[in-house]
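Okay, input.cif now, which holds mmCIF, C-alpha atoms:
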data_final
#
loop_
_atom_site.group_PDB
_atom_site.id
_atom_site.type_symbol
_atom_site.label_atom_id
_atom_site.label_comp_id
_atom_site.auth_asym_id
_atom_site.auth_seq_id
_atom_site.Cartn_x
_atom_site.Cartn_y
_atom_site.Cartn_z
ATOM 1 C CA MET A 17 -51.327 -34.996 -27.123
ATOM 2 C CA ALA A 18 -53.679 -37.416 -28.793
ATOM 3 C CA MET A 19 -55.333 -39.080 -25.777
ATOM 4 C CA GLU A 20 -58.476 -37.478 -24.424
ATOM 5 C CA GLY A 21 -59.373 -37.434 -20.729
ATOM 6 C CA GLY A 22 -62.465 -39.624 -20.547
ATOM 7 C CA ALA A 23 -66.019 -38.751 -21.544
ATOM 8 C CA GLU A 24 -66.548 -35.197 -22.601
ATOM 9 C CA SER A 25 -69.195 -32.566 -23.059
ATOM 10 C CA ASN A 26 -70.921 -32.144 -26.410
ATOM 11 C CA TYR A 27 -69.519 -28.692 -27.165
ATOM 12 C CA ASN A 28 -67.530 -28.979 -30.387
ATOM 13 C CA SER A 29 -66.778 -27.150 -33.562
ATOM 14 C CA SER A 30 -69.009 -27.655 -36.571
ATOM 15 C CA THR A 31 -66.719 -25.582 -38.778
ATOM 16 C CA GLU A 32 -64.130 -27.556 -40.708
ATOM 17 C CA SER A 33 -62.913 -24.858 -43.111
ATOM 18 C CA GLN A 34 -59.200 -24.256 -43.228
ATOM 19 C CA LEU A 35 -57.659 -20.898 -42.401
ATOM 20 C CA GLU A 36 -54.901 -19.510 -44.587
ATOM 21 C CA GLN A 37 -51.468 -19.690 -43.009
ATOM 22 C CA SER A 38 -48.133 -18.348 -44.141
ATOM 23 C CA SER A 39 -46.469 -21.589 -42.996
ATOM 24 C CA PRO A 40 -48.054 -25.016 -42.385
ATOM 25 C CA ARG A 41 -46.783 -25.312 -38.834
ATOM 26 C CA LYS A 42 -46.231 -21.813 -37.637
ATOM 27 C CA SER A 43 -49.135 -19.875 -36.233
ATOM 28 C CA PRO A 44 -49.279 -16.107 -36.683
ATOM 29 C CA PRO A 45 -48.274 -14.100 -33.624
ATOM 30 C CA PRO A 46 -51.254 -13.519 -31.309
ATOM 31 C CA PRO A 47 -52.835 -10.085 -31.472
ATOM 32 C CA PRO A 48 -51.944 -7.567 -28.754
ATOM 33 C CA SER A 49 -53.617 -8.553 -25.515
ATOM 34 C CA GLN A 50 -54.152 -4.953 -24.345
ATOM 35 C CA ASP A 51 -55.904 -5.355 -20.975
ATOM 36 C CA HIS A 52 -54.066 -8.625 -20.354
ATOM 37 C CA GLU A 53 -50.638 -7.422 -21.380
ATOM 38 C CA GLY A 54 -48.139 -7.800 -18.567
ATOM 39 C CA LYS A 55 -50.441 -9.988 -16.460
ATOM 40 C CA ALA A 56 -48.744 -13.027 -14.913
ATOM 41 C CA THR A 57 -50.564 -16.353 -14.999
ATOM 42 C CA TYR A 58 -50.004 -19.982 -16.044
ATOM 43 C CA VAL A 59 -51.355 -22.811 -18.177
ATOM 44 C CA LYS A 60 -51.167 -26.555 -17.569
ATOM 45 C CA PHE A 61 -51.488 -29.265 -20.187
ATOM 46 C CA LEU A 62 -50.701 -32.933 -20.797
ATOM 47 C CA LEU A 63 -48.058 -34.571 -22.969
ATOM 48 C CA SER A 64 -47.128 -38.196 -23.525
ATOM 49 C CA ASN A 65 -43.738 -39.286 -22.270
ATOM 50 C CA ALA A 66 -42.392 -39.270 -25.841
ATOM 51 C CA GLU A 67 -43.719 -35.761 -26.466
ATOM 52 C CA ALA A 68 -42.280 -34.557 -23.164
ATOM 53 C CA GLY A 69 -38.881 -35.952 -24.161
ATOM 54 C CA SER A 70 -39.066 -34.048 -27.434
ATOM 55 C CA ILE A 71 -39.787 -30.789 -25.611
ATOM 56 C CA ILE A 72 -36.967 -31.334 -23.111
ATOM 57 C CA GLY A 73 -34.422 -32.148 -25.814
ATOM 58 C CA LYS A 74 -30.957 -33.590 -25.429
ATOM 59 C CA GLY A 75 -29.521 -32.442 -22.143
ATOM 60 C CA GLY A 76 -32.452 -30.031 -21.750
ATOM 61 C CA SER A 77 -31.397 -28.028 -24.809
ATOM 62 C CA THR A 78 -34.865 -27.625 -26.351
ATOM 63 C CA ILE A 79 -36.681 -26.529 -23.206
ATOM 64 C CA THR A 80 -33.863 -24.098 -22.422
ATOM 65 C CA GLU A 81 -34.149 -22.626 -25.906
ATOM 66 C CA PHE A 82 -37.949 -22.319 -25.681
ATOM 67 C CA GLN A 83 -37.719 -20.574 -22.318
ATOM 68 C CA SER A 84 -35.125 -18.155 -23.650
ATOM 69 C CA ARG A 85 -37.096 -17.362 -26.804
ATOM 70 C CA SER A 86 -40.462 -16.944 -25.069
ATOM 71 C CA GLY A 87 -39.510 -15.485 -21.705
ATOM 72 C CA ALA A 88 -41.847 -17.966 -19.978
ATOM 73 C CA ARG A 89 -40.955 -20.662 -17.478
ATOM 74 C CA ILE A 90 -41.633 -24.268 -18.560
ATOM 75 C CA GLN A 91 -41.887 -27.022 -15.944
ATOM 76 C CA LEU A 92 -42.577 -30.734 -16.474
ATOM 77 C CA SER A 93 -43.557 -33.371 -13.970
ATOM 78 C CA ARG A 94 -41.200 -36.308 -13.601
ATOM 79 C CA ASN A 95 -41.743 -39.274 -15.913
ATOM 80 C CA TYR A 96 -43.668 -41.254 -13.280
ATOM 81 C CA GLU A 97 -45.752 -38.281 -12.086
ATOM 82 C CA VAL A 98 -48.771 -38.506 -14.353
ATOM 83 C CA PHE A 99 -52.235 -37.040 -14.507
ATOM 84 C CA PRO A 100 -54.803 -39.382 -12.890
ATOM 85 C CA GLY A 101 -56.461 -41.696 -15.366
ATOM 86 C CA THR A 102 -53.777 -41.191 -18.036
ATOM 87 C CA PRO A 103 -50.145 -42.212 -18.612
ATOM 88 C CA ASP A 104 -49.323 -38.594 -19.465
ATOM 89 C CA ARG A 105 -47.088 -36.030 -17.805
ATOM 90 C CA ILE A 106 -48.131 -32.549 -16.724
ATOM 91 C CA VAL A 107 -46.516 -29.431 -18.171
ATOM 92 C CA MET A 108 -46.899 -25.983 -16.629
ATOM 93 C CA VAL A 109 -45.935 -22.827 -18.479
ATOM 94 C CA SER A 110 -45.945 -19.665 -16.355
ATOM 95 C CA GLY A 111 -45.149 -16.009 -16.856
ATOM 96 C CA PHE A 112 -46.784 -13.079 -18.614
ATOM 97 C CA LEU A 113 -49.694 -13.996 -20.852
ATOM 98 C CA ASP A 114 -47.993 -13.073 -24.111
ATOM 99 C CA ASP A 115 -44.858 -14.992 -23.113
ATOM 100 C CA ILE A 116 -46.927 -18.072 -22.259
ATOM 101 C CA LEU A 117 -48.589 -17.972 -25.673
ATOM 102 C CA LYS A 118 -45.183 -17.742 -27.361
ATOM 103 C CA ALA A 119 -43.958 -20.786 -25.407
ATOM 104 C CA VAL A 120 -47.071 -22.834 -26.165
ATOM 105 C CA ASP A 121 -46.765 -21.900 -29.848
ATOM 106 C CA LEU A 122 -43.163 -23.161 -29.873
ATOM 107 C CA ILE A 123 -44.134 -26.383 -28.097
ATOM 108 C CA LEU A 124 -47.135 -27.080 -30.318
ATOM 109 C CA GLY A 125 -45.195 -26.271 -33.476
ATOM 110 C CA LYS A 126 -42.450 -28.743 -32.598
ATOM 111 C CA LEU A 127 -44.941 -31.475 -31.726
ATOM 112 C CA MET A 128 -46.863 -30.885 -34.961
ATOM 113 C CA ASP A 129 -43.657 -31.288 -36.974
ATOM 114 C CA GLU A 130 -42.423 -34.378 -35.141
ATOM 115 C CA PHE A 131 -45.618 -36.306 -34.423
ATOM 116 C CA TYR A 132 -48.323 -35.225 -36.877
ATOM 117 C CA ALA A 133 -46.859 -33.741 -40.073
ATOM 118 C CA GLU A 134 -45.953 -36.988 -41.851
ATOM 119 C CA ASP A 135 -49.540 -38.248 -41.905
ATOM 120 C CA CYS A 136 -50.905 -35.078 -43.477
ATOM 121 C CA GLY A 137 -48.570 -34.319 -46.385
ATOM 122 C CA GLU A 138 -49.407 -30.890 -47.759
ATOM 123 C CA VAL A 139 -52.497 -30.534 -45.567
ATOM 124 C CA ASP A 140 -52.150 -28.634 -42.314
ATOM 125 C CA PRO A 141 -51.948 -31.303 -39.594
ATOM 126 C CA HIS A 142 -54.603 -31.505 -36.879
ATOM 127 C CA SER A 143 -53.954 -32.614 -33.328
ATOM 128 C CA LYS A 144 -55.538 -32.640 -29.897
ATOM 129 C CA PHE A 145 -54.129 -30.469 -27.132
ATOM 130 C CA ARG A 146 -55.321 -31.183 -23.587
ATOM 131 C CA LEU A 147 -55.406 -28.321 -21.103
ATOM 132 C CA VAL A 148 -55.770 -29.004 -17.384
ATOM 133 C CA VAL A 149 -58.268 -26.597 -15.814
ATOM 134 C CA PRO A 150 -59.609 -26.468 -12.230
ATOM 135 C CA ASN A 151 -63.207 -27.604 -12.055
ATOM 136 C CA SER A 152 -64.154 -24.321 -10.383
ATOM 137 C CA SER A 153 -62.889 -22.386 -13.422
ATOM 138 C CA CYS A 154 -64.620 -24.443 -16.112
ATOM 139 C CA GLY A 155 -67.891 -22.584 -15.651
ATOM 140 C CA GLY A 156 -66.281 -19.389 -16.895
ATOM 141 C CA ILE A 157 -65.158 -21.132 -20.069
ATOM 142 C CA ILE A 158 -68.586 -22.649 -20.691
ATOM 143 C CA GLY A 159 -70.571 -19.495 -19.922
ATOM 144 C CA LYS A 160 -74.310 -19.178 -19.391
ATOM 145 C CA GLY A 161 -76.057 -21.753 -21.541
ATOM 146 C CA GLY A 162 -72.735 -22.578 -23.205
ATOM 147 C CA ALA A 163 -72.544 -19.119 -24.793
ATOM 148 C CA THR A 164 -68.857 -18.492 -24.035
ATOM 149 C CA ILE A 165 -67.491 -21.803 -25.289
ATOM 150 C CA LYS A 166 -69.652 -21.555 -28.421
ATOM 151 C CA SER A 167 -68.226 -18.120 -29.144
ATOM 152 C CA PHE A 168 -64.690 -19.475 -28.673
ATOM 153 C CA ILE A 169 -65.406 -22.324 -31.115
ATOM 154 C CA GLU A 170 -66.779 -19.932 -33.722
ATOM 155 C CA ASP A 171 -63.896 -17.492 -33.311
ATOM 156 C CA ALA A 172 -61.084 -20.058 -33.345
ATOM 157 C CA ARG A 173 -62.725 -22.603 -35.669
ATOM 158 C CA ALA A 174 -61.334 -25.262 -33.342
ATOM 159 C CA GLY A 175 -63.052 -28.079 -31.520
ATOM 160 C CA ILE A 176 -63.290 -27.480 -27.769
ATOM 161 C CA LYS A 177 -64.532 -30.186 -25.411
ATOM 162 C CA ILE A 178 -64.641 -30.162 -21.607
ATOM 163 C CA SER A 179 -64.557 -33.492 -19.801
ATOM 164 C CA PRO A 180 -66.926 -34.138 -16.893
ATOM 165 C CA GLN A 181 -65.413 -34.224 -13.429
ATOM 166 C CA ASP A 182 -63.917 -37.668 -12.754
ATOM 167 C CA TYR A 183 -65.222 -38.910 -9.405
ATOM 168 C CA ASN A 184 -63.151 -42.106 -9.671
ATOM 169 C CA PHE A 185 -60.194 -40.183 -8.244
ATOM 170 C CA PRO A 186 -61.004 -38.632 -4.848
ATOM 171 C CA GLY A 187 -59.071 -35.413 -4.396
ATOM 172 C CA LEU A 188 -58.913 -34.650 -8.128
ATOM 173 C CA HIS A 189 -60.419 -31.227 -8.784
ATOM 174 C CA ASP A 190 -59.229 -30.632 -12.349
ATOM 175 C CA ARG A 191 -60.860 -31.340 -15.690
ATOM 176 C CA ILE A 192 -59.492 -31.773 -19.204
ATOM 177 C CA VAL A 193 -60.267 -29.191 -21.884
ATOM 178 C CA THR A 194 -59.406 -30.727 -25.251
ATOM 179 C CA VAL A 195 -58.687 -28.346 -28.134
ATOM 180 C CA THR A 196 -58.695 -29.876 -31.630
ATOM 181 C CA GLY A 197 -57.557 -28.292 -34.886
ATOM 182 C CA THR A 198 -54.603 -26.950 -36.807
ATOM 183 C CA LEU A 199 -51.836 -25.093 -35.025
ATOM 184 C CA GLU A 200 -53.382 -21.723 -35.838
ATOM 185 C CA GLU A 201 -56.847 -22.815 -34.726
ATOM 186 C CA GLN A 202 -55.525 -24.311 -31.507
ATOM 187 C CA MET A 203 -53.462 -21.256 -30.643
ATOM 188 C CA ARG A 204 -56.436 -18.937 -31.086
ATOM 189 C CA ALA A 205 -58.606 -21.182 -28.901
ATOM 190 C CA ILE A 206 -55.896 -21.441 -26.231
ATOM 191 C CA GLU A 207 -55.507 -17.663 -26.278
ATOM 192 C CA LEU A 208 -59.242 -17.118 -25.739
ATOM 193 C CA ILE A 209 -59.393 -19.725 -22.970
ATOM 194 C CA LEU A 210 -56.303 -18.408 -21.210
ATOM 195 C CA PHE A 211 -57.562 -14.813 -21.268
ATOM 196 C CA LYS A 212 -60.819 -15.979 -19.709
ATOM 197 C CA LEU A 213 -58.985 -17.981 -17.027
ATOM 198 C CA ALA A 214 -56.748 -15.008 -16.220
ATOM 199 C CA GLU A 215 -59.860 -13.119 -15.149
ATOM 200 C CA ASP A 216 -60.710 -15.809 -12.572
ATOM 201 C CA PRO A 217 -59.060 -15.105 -9.178
ATOM 202 C CA HIS A 218 -59.555 -18.729 -8.119
ATOM 203 C CA TYR A 219 -57.565 -19.981 -11.112
ATOM 204 C CA MET A 220 -54.338 -18.486 -9.798
ATOM 205 C CA GLN A 221 -54.538 -20.523 -6.592
ATOM 206 C CA SER A 222 -53.304 -23.655 -8.386
ATOM 207 C CA MET A 223 -50.178 -21.958 -9.679
ATOM 208 C CA ASN A 224 -48.230 -22.642 -6.480
ATOM 209 C CA ALA A 225 -48.882 -26.391 -6.694
ATOM 210 C CA PRO A 226 -48.306 -27.324 -10.348
ATOM 211 C CA PHE A 227 -48.116 -31.079 -9.820
ATOM 212 C CA GLN A 228 -50.290 -31.547 -6.744
ATOM 213 C CA TYR A 229 -51.557 -35.025 -7.661
ATOM 214 C CA ALA A 230 -49.202 -36.870 -5.292
ATOM 215 C CA ALA A 231 -51.901 -38.875 -3.515
ATOM 216 C CA VAL A 232 -53.934 -39.298 -6.679
ATOM 217 C CA TYR A 233 -51.665 -39.878 -9.651
ATOM 218 C CA VAL A 234 -49.343 -42.446 -8.085
ATOM 219 C CA GLY A 235 -51.954 -45.050 -8.921
ATOM 220 C CA MET A 236 -51.713 -44.497 -12.663
ATOM 221 C CA ASN A 237 -48.006 -44.761 -13.413
ATOM 222 C CA TYR A 238 -48.412 -47.386 -16.155
ATOM 223 C CA GLY A 239 -44.904 -48.746 -15.686
ATOM 224 C CA TYR A 240 -43.167 -45.404 -15.238
ATOM 225 C CA GLY A 241 -42.619 -45.857 -11.500
ATOM 226 C CA PRO A 242 -39.302 -45.285 -9.772
ATOM 227 C CA PRO A 243 -36.699 -48.081 -9.867
ATOM 228 C CA ASN A 244 -36.135 -50.655 -7.101
ATOM 229 C CA ARG A 245 -39.792 -50.652 -6.193
ATOM 230 C CA VAL A 246 -39.532 -53.531 -3.741
ATOM 231 C CA GLY A 247 -36.059 -54.901 -4.082
ATOM 232 C CA GLY A 248 -36.942 -56.390 -7.466
ATOM 233 C CA ARG A 249 -39.038 -59.049 -5.788
ATOM 234 C CA TYR A 250 -42.455 -57.488 -5.330
ATOM 235 C CA PRO A 251 -43.574 -57.229 -8.984
ATOM 236 C CA ASN A 252 -42.553 -60.835 -9.704
ATOM 237 C CA ASN A 253 -44.650 -62.215 -6.871
ATOM 238 C CA ARG A 254 -47.884 -60.688 -8.110
ATOM 239 C CA GLN A 255 -50.605 -63.324 -8.555
ATOM 240 C CA GLN A 256 -54.220 -63.174 -9.614
ATOM 241 C CA ASN A 257 -56.448 -64.232 -6.766
ATOM 242 C CA LYS A 258 -58.587 -67.171 -7.855
ATOM 243 C CA VAL A 259 -61.186 -66.644 -5.137
ATOM 244 C CA ALA A 260 -64.566 -65.479 -6.443
ATOM 245 C CA PRO A 261 -65.001 -61.724 -6.069
ATOM 246 C CA PRO A 262 -67.142 -60.710 -3.069
ATOM 247 C CA GLU A 263 -69.313 -58.366 -5.141
ATOM 248 C CA VAL A 264 -70.562 -58.444 -8.704
ATOM 249 C CA GLY A 265 -68.350 -56.335 -10.930
ATOM 250 C CA ASP A 266 -65.441 -56.374 -8.458
ATOM 251 C CA ASN A 267 -62.010 -57.787 -9.223
ATOM 252 C CA SER A 268 -59.427 -59.100 -6.825
ATOM 253 C CA LEU A 269 -55.636 -59.220 -6.931
ATOM 254 C CA THR A 270 -53.161 -60.710 -4.479
ATOM 255 C CA ILE A 271 -49.642 -59.324 -4.338
ATOM 256 C CA GLY A 272 -46.669 -60.168 -2.169
ATOM 257 C CA VAL A 273 -45.072 -57.768 0.283
ATOM 258 C CA ALA A 274 -41.965 -58.685 2.258
ATOM 259 C CA ASP A 275 -42.856 -59.341 5.890
ATOM 260 C CA GLU A 276 -40.505 -56.601 7.102
ATOM 261 C CA HIS A 277 -42.239 -54.045 4.851
ATOM 262 C CA VAL A 278 -45.807 -54.710 5.917
ATOM 263 C CA GLY A 279 -45.525 -52.045 8.611
ATOM 264 C CA LEU A 280 -44.961 -49.422 5.914
ATOM 265 C CA VAL A 281 -48.202 -50.416 4.234
ATOM 266 C CA LEU A 282 -50.135 -50.434 7.495
ATOM 267 C CA GLY A 283 -48.722 -47.208 8.908
ATOM 268 C CA ARG A 284 -49.062 -46.009 12.488
ATOM 269 C CA ASN A 285 -52.373 -47.235 13.879
ATOM 270 C CA GLY A 286 -53.324 -48.361 10.369
ATOM 271 C CA ARG A 287 -53.349 -44.830 8.966
ATOM 272 C CA SER A 288 -51.478 -45.654 5.745
ATOM 273 C CA ILE A 289 -53.667 -48.549 4.705
ATOM 274 C CA ILE A 290 -56.803 -46.541 5.489
ATOM 275 C CA GLU A 291 -55.528 -43.635 3.391
ATOM 276 C CA ILE A 292 -54.666 -45.931 0.469
ATOM 277 C CA SER A 293 -58.098 -47.527 0.657
ATOM 278 C CA GLN A 294 -59.893 -44.178 0.761
ATOM 279 C CA LEU A 295 -57.915 -42.606 -2.092
ATOM 280 C CA SER A 296 -58.036 -45.645 -4.369
ATOM 281 C CA GLY A 297 -61.539 -46.859 -3.559
ATOM 282 C CA ALA A 298 -60.217 -50.411 -3.130
ATOM 283 C CA ARG A 299 -60.538 -52.763 -0.157
ATOM 284 C CA ILE A 300 -57.200 -54.047 1.149
ATOM 285 C CA LYS A 301 -56.573 -57.080 3.331
ATOM 286 C CA ILE A 302 -53.183 -58.206 4.650
ATOM 287 C CA SER A 303 -52.654 -61.849 5.630
ATOM 288 C CA ASP A 304 -51.762 -62.818 9.190
ATOM 289 C CA ARG A 305 -48.167 -63.307 10.241
ATOM 290 C CA GLY A 306 -46.842 -66.595 8.936
ATOM 291 C CA ASP A 307 -49.388 -66.689 6.112
ATOM 292 C CA PHE A 308 -47.092 -66.236 3.110
ATOM 293 C CA LEU A 309 -47.381 -66.551 -0.644
ATOM 294 C CA SER A 310 -46.406 -70.090 -1.612
ATOM 295 C CA GLY A 311 -42.651 -70.529 -1.793
ATOM 296 C CA THR A 312 -41.859 -67.044 -0.470
ATOM 297 C CA SER A 313 -41.553 -65.143 2.789
ATOM 298 C CA ASP A 314 -43.913 -62.445 1.476
ATOM 299 C CA ARG A 315 -47.203 -61.663 3.171
ATOM 300 C CA LYS A 316 -50.323 -61.760 1.002
ATOM 301 C CA VAL A 317 -51.974 -58.403 0.336
ATOM 302 C CA THR A 318 -55.351 -58.813 -1.341
ATOM 303 C CA ILE A 319 -56.768 -55.788 -3.160
ATOM 304 C CA THR A 320 -60.419 -55.848 -4.190
ATOM 305 C CA GLY A 321 -62.399 -53.374 -6.276
ATOM 306 C CA SER A 322 -62.573 -52.049 -9.822
ATOM 307 C CA GLN A 323 -59.560 -52.520 -12.095
ATOM 308 C CA ARG A 324 -58.765 -48.824 -11.754
ATOM 309 C CA ALA A 325 -59.018 -48.955 -7.954
ATOM 310 C CA ILE A 326 -56.776 -52.012 -7.855
ATOM 311 C CA ARG A 327 -54.118 -50.375 -10.033
ATOM 312 C CA THR A 328 -54.233 -47.247 -7.911
ATOM 313 C CA ALA A 329 -53.924 -49.120 -4.611
ATOM 314 C CA GLU A 330 -51.178 -51.403 -5.929
ATOM 315 C CA SER A 331 -49.096 -48.478 -7.111
ATOM 316 C CA MET A 332 -49.588 -46.560 -3.853
ATOM 317 C CA ILE A 333 -48.430 -49.627 -1.924
ATOM 318 C CA SER A 334 -45.339 -49.947 -4.106
ATOM 319 C CA GLN A 335 -44.608 -46.252 -3.591
ATOM 320 C CA LYS A 336 -44.743 -46.731 0.186
ATOM 321 C CA ILE A 337 -42.282 -49.602 -0.013
ATOM 322 C CA ALA A 338 -40.044 -47.795 -2.507
ATOM 323 C CA THR A 339 -39.159 -45.290 0.222
ATOM 324 C CA VAL A 340 -36.991 -48.014 1.779
ATOM 325 C CA SER A 341 -34.821 -48.114 -1.348
ATOM 326 C CA VAL A 342 -34.495 -44.342 -1.426
ATOM 327 C CA ARG A 343 -33.217 -44.062 2.117
#
Here is a file; write its structure as structure tokens.
Amino acid sequence: MAMEGGAESNYNSSTESQLEQSSPRKSPPPPPSQDHEGKATYVKFLLSNAEAGSIIGKGGSTITEFQSRSGARIQLSRNYEVFPGTPDRIVMVSGFLDDILKAVDLILGKLMDEFYAEDCGEVDPHSKFRLVVPNSSCGGIIGKGGATIKSFIEDARAGIKISPQDYNFPGLHDRIVTVTGTLEEQMRAIELILFKLAEDPHYMQSMNAPFQYAAVYVGMNYGYGPPNRVGGRYPNNRQQNKVAPPEVGDNSLTIGVADEHVGLVLGRNGRSIIEISQLSGARIKISDRGDFLSGTSDRKVTITGSQRAIRTAESMISQKIATVSVR
């Protein structure tokens, strides 16, 4: 929960006073939602791989228990399906609003105990909880002149920051809303935000595609990719290209792809390589037939661009080739 999603807006809480709690890591039950009671919706947020493992539990025991106790459905992306620009997995909790809040309270309480309590002693631990919100719905949270988000901060006494839209990932239309505070403060802020989102008809459109970052997030797997990426040979043949970069600020990387797999990278009429280039922002060049990496039968694939673009393109290429192992 601790990593934030890039640069953020300046909205934050100036109130640091502690609220009384009956238990250090158990928030009071949310007040009756009245107009929102019985309304189905969802919330998405990010967790590290370690945090996700804690929520799943041995053999899925913890997530099963949390679903039973809350009445909400809890879904997690697979360990290599991460939110673009982070190494973190996506969690979606869906159901009635009150049930969702119960599930989030259970999840946050467990994470507070396991990952944050030891550093705080008797003091209520603070953490950062990152919600994933469609860009089109962020305006409702901010409000005219920032009035809505300021009222949420004052009510919850939590820090609330909204990241700017990240244009480094074409096709990404979500932003990160980071909520900082104690468990009680976070839960109140999440409740206020979720009630506001439930009023937005456009927000519900993302519910049917909880982990829709397939073309975007594959570039940011940070080592969590599927096994047998390219027969165990592709990662070991990666070499830094010593040729001077064509543009200032650009980087270049040359990787090896087995000659028989080059067609997968190219695609029919070059469609795959064009798609990879467009989604990653990198330029990709494949060597001619017979032009192999020294000592191998692998063709040279040179990827040029920013470090982020290179990582994205490299991972997308490995995903294309990994389909051979799956078949």
Worksheet item: Interatomic distance between atom CA of A:Ile289 and atom CA of A:Ser313?
Response: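 For atom CA of A:Ile289 relative to atom CA of A:Ser313, the distance reads 20.6 Å.
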Discussion item. Translate the PyMOL selection byres ((chain A and resi 63) around 6) into a concrete residue list for this structure, as JSON, numbers by chain.
Written reply: {"A": [17, 62, 64, 67, 68, 104, 105]}
Discussion item. Could you tell me, as a list of chain:residue names, exactly which residues end up selected when the PyMOL selection byres ((chain A and resi 323-331) around 7) is applied to this structure?
Written reply: A:Val234, A:Gly235, A:Met236, A:Asn267, A:Ile292, A:Ser293, A:Ser296, A:Gly297, A:Ala298, A:Ile319, A:Thr320, A:Gly321, A:Ser322, A:Met332, A:Ile333, A:Ser334, A:Gln335
Can you write just those residues out, C-alpha atoms, as an mmCIF file, keeping the file's coordinate frame?
data_model
loop_
_atom_site.group_PDB
_atom_site.id
_atom_site.type_symbol
_atom_site.label_atom_id
_atom_site.label_comp_id
_atom_site.auth_asym_id
_atom_site.auth_seq_id
_atom_site.Cartn_x
_atom_site.Cartn_y
_atom_site.Cartn_z
ATOM 1 C CA VAL A 234 -49.343 -42.446 -8.085
ATOM 2 C CA GLY A 235 -51.954 -45.050 -8.921
ATOM 3 C CA MET A 236 -51.713 -44.497 -12.663
ATOM 4 C CA ASN A 267 -62.010 -57.787 -9.223
ATOM 5 C CA ILE A 292 -54.666 -45.931 0.469
ATOM 6 C CA SER A 293 -58.098 -47.527 0.657
ATOM 7 C CA SER A 296 -58.036 -45.645 -4.369
ATOM 8 C CA GLY A 297 -61.539 -46.859 -3.559
ATOM 9 C CA ALA A 298 -60.217 -50.411 -3.130
ATOM 10 C CA ILE A 319 -56.768 -55.788 -3.160
ATOM 11 C CA THR A 320 -60.419 -55.848 -4.190
ATOM 12 C CA GLY A 321 -62.399 -53.374 -6.276
ATOM 13 C CA SER A 322 -62.573 -52.049 -9.822
ATOM 14 C CA MET A 332 -49.588 -46.560 -3.853
ATOM 15 C CA ILE A 333 -48.430 -49.627 -1.924
ATOM 16 C CA SER A 334 -45.339 -49.947 -4.106
ATOM 17 C CA GLN A 335 -44.608 -46.252 -3.591
#
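Point (-42.5, -59.9, 2.1) has the following residues at most 6 Å away: Gly272, Val273, Ala274, Asp275, Ser313, Asp314 and Arg315 of chain A (atoms considered: all atoms listed in the file).
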Worksheet item: Nearest to A:Lys126: which of A:Val59, A:Ile158, A:Leu199, A:Leu147 is it, counting all atoms listed in the file?
Response: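 Once distances to A:Lys126 are computed over all atoms listed in the file, the minimum belongs to A:Leu199.
Computed from the coordinates, the atom CA of A:Ala174 to atom CA of A:Gln221 distance equals 28.0 Å.
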Worksheet entry | Non-local contacts of A:Val107 (7 Å; all atoms listed in the file; under 3 positions in same chain excluded) as a ChimeraX atom specification | /A:60-62,91-93
Output C-alpha atoms for every residue in that selection, as a PDB file, in the frame of the given file.
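Written file, part08.pdb:
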ATOM      1  CA  LYS A  60     -51.167 -26.555 -17.569  1.00  0.00           C
ATOM      2  CA  PHE A  61     -51.488 -29.265 -20.187  1.00  0.00           C
ATOM      3  CA  LEU A  62     -50.701 -32.933 -20.797  1.00  0.00           C
ATOM      4  CA  GLN A  91     -41.887 -27.022 -15.944  1.00  0.00           C
ATOM      5  CA  LEU A  92     -42.577 -30.734 -16.474  1.00  0.00           C
ATOM      6  CA  SER A  93     -43.557 -33.371 -13.970  1.00  0.00           C
TER       7      SER A  93
END
Discussion item. If I take atom CA of A:His189 and atom CA of A:Arg287, how far is one from the other in Å, to one decimal?
Written reply: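 If I compute the distance from atom CA of A:His189 to atom CA of A:Arg287, I get 23.5 Å.
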Practice prompt. Could you list the residues chosen by the PyMOL selection byres ((chain A and resi 303-305) around 9) in this structure as a list in words?
Written response: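 Listing what the PyMOL selection byres ((chain A and resi 303-305) around 9) selects in the shown file: Asp275, Lys301, Ile302, Gly306, Asp307, Phe308, Arg315, Lys316, Val317 and Thr318 of chain A.
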Which polymer residues have any atom within 8 Å of an atom of A:Tyr132, counting all atoms listed in the file, with same-chain residues fewer than 4 positions away left out, as a PDB file with C-alpha atoms, in the frame of the given file?
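Produced file out.pdb, reproduced below:
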ATOM      1  CA  LEU A 127     -44.941 -31.475 -31.726  1.00  0.00           C
ATOM      2  CA  MET A 128     -46.863 -30.885 -34.961  1.00  0.00           C
ATOM      3  CA  CYS A 136     -50.905 -35.078 -43.477  1.00  0.00           C
ATOM      4  CA  PRO A 141     -51.948 -31.303 -39.594  1.00  0.00           C
ATOM      5  CA  HIS A 142     -54.603 -31.505 -36.879  1.00  0.00           C
ATOM      6  CA  SER A 143     -53.954 -32.614 -33.328  1.00  0.00           C
TER       7      SER A 143
END
Worksheet item: Given the choices A:Leu113, A:Val281, A:Ile290, A:Ile300, which gets closest to A:Ser268 if the distance is worked out from all atoms listed in the file?
Response: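 Nearest to A:Ser268: A:Ile300.
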Fill in: Minimum-distance residue to A:Leu122, chosen among A:Phe145, A:Tyr96, A:Phe82, A:Phe185 (using all atoms listed in the file)
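Checking each of A:Phe145, A:Tyr96, A:Phe82, A:Phe185 against A:Leu122, counting all atoms listed in the file, the winner is A:Phe82.
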Worksheet entry | Using all atoms listed in the file: which of A:Gly73, A:Tyr58, A:Arg146, A:Lys212 has the shortest distance to A:Ser110 |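 Closest to A:Ser110 of all the choices is A:Tyr58.
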Discussion item. Calculated over only C-alpha atoms, which of the candidates A:Met220, A:Ile176, A:Leu309, A:Val120 has the smallest distance to A:Ile192?
Written reply: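 The shortest atom-to-atom distance to A:Ile192 comes from A:Ile176.
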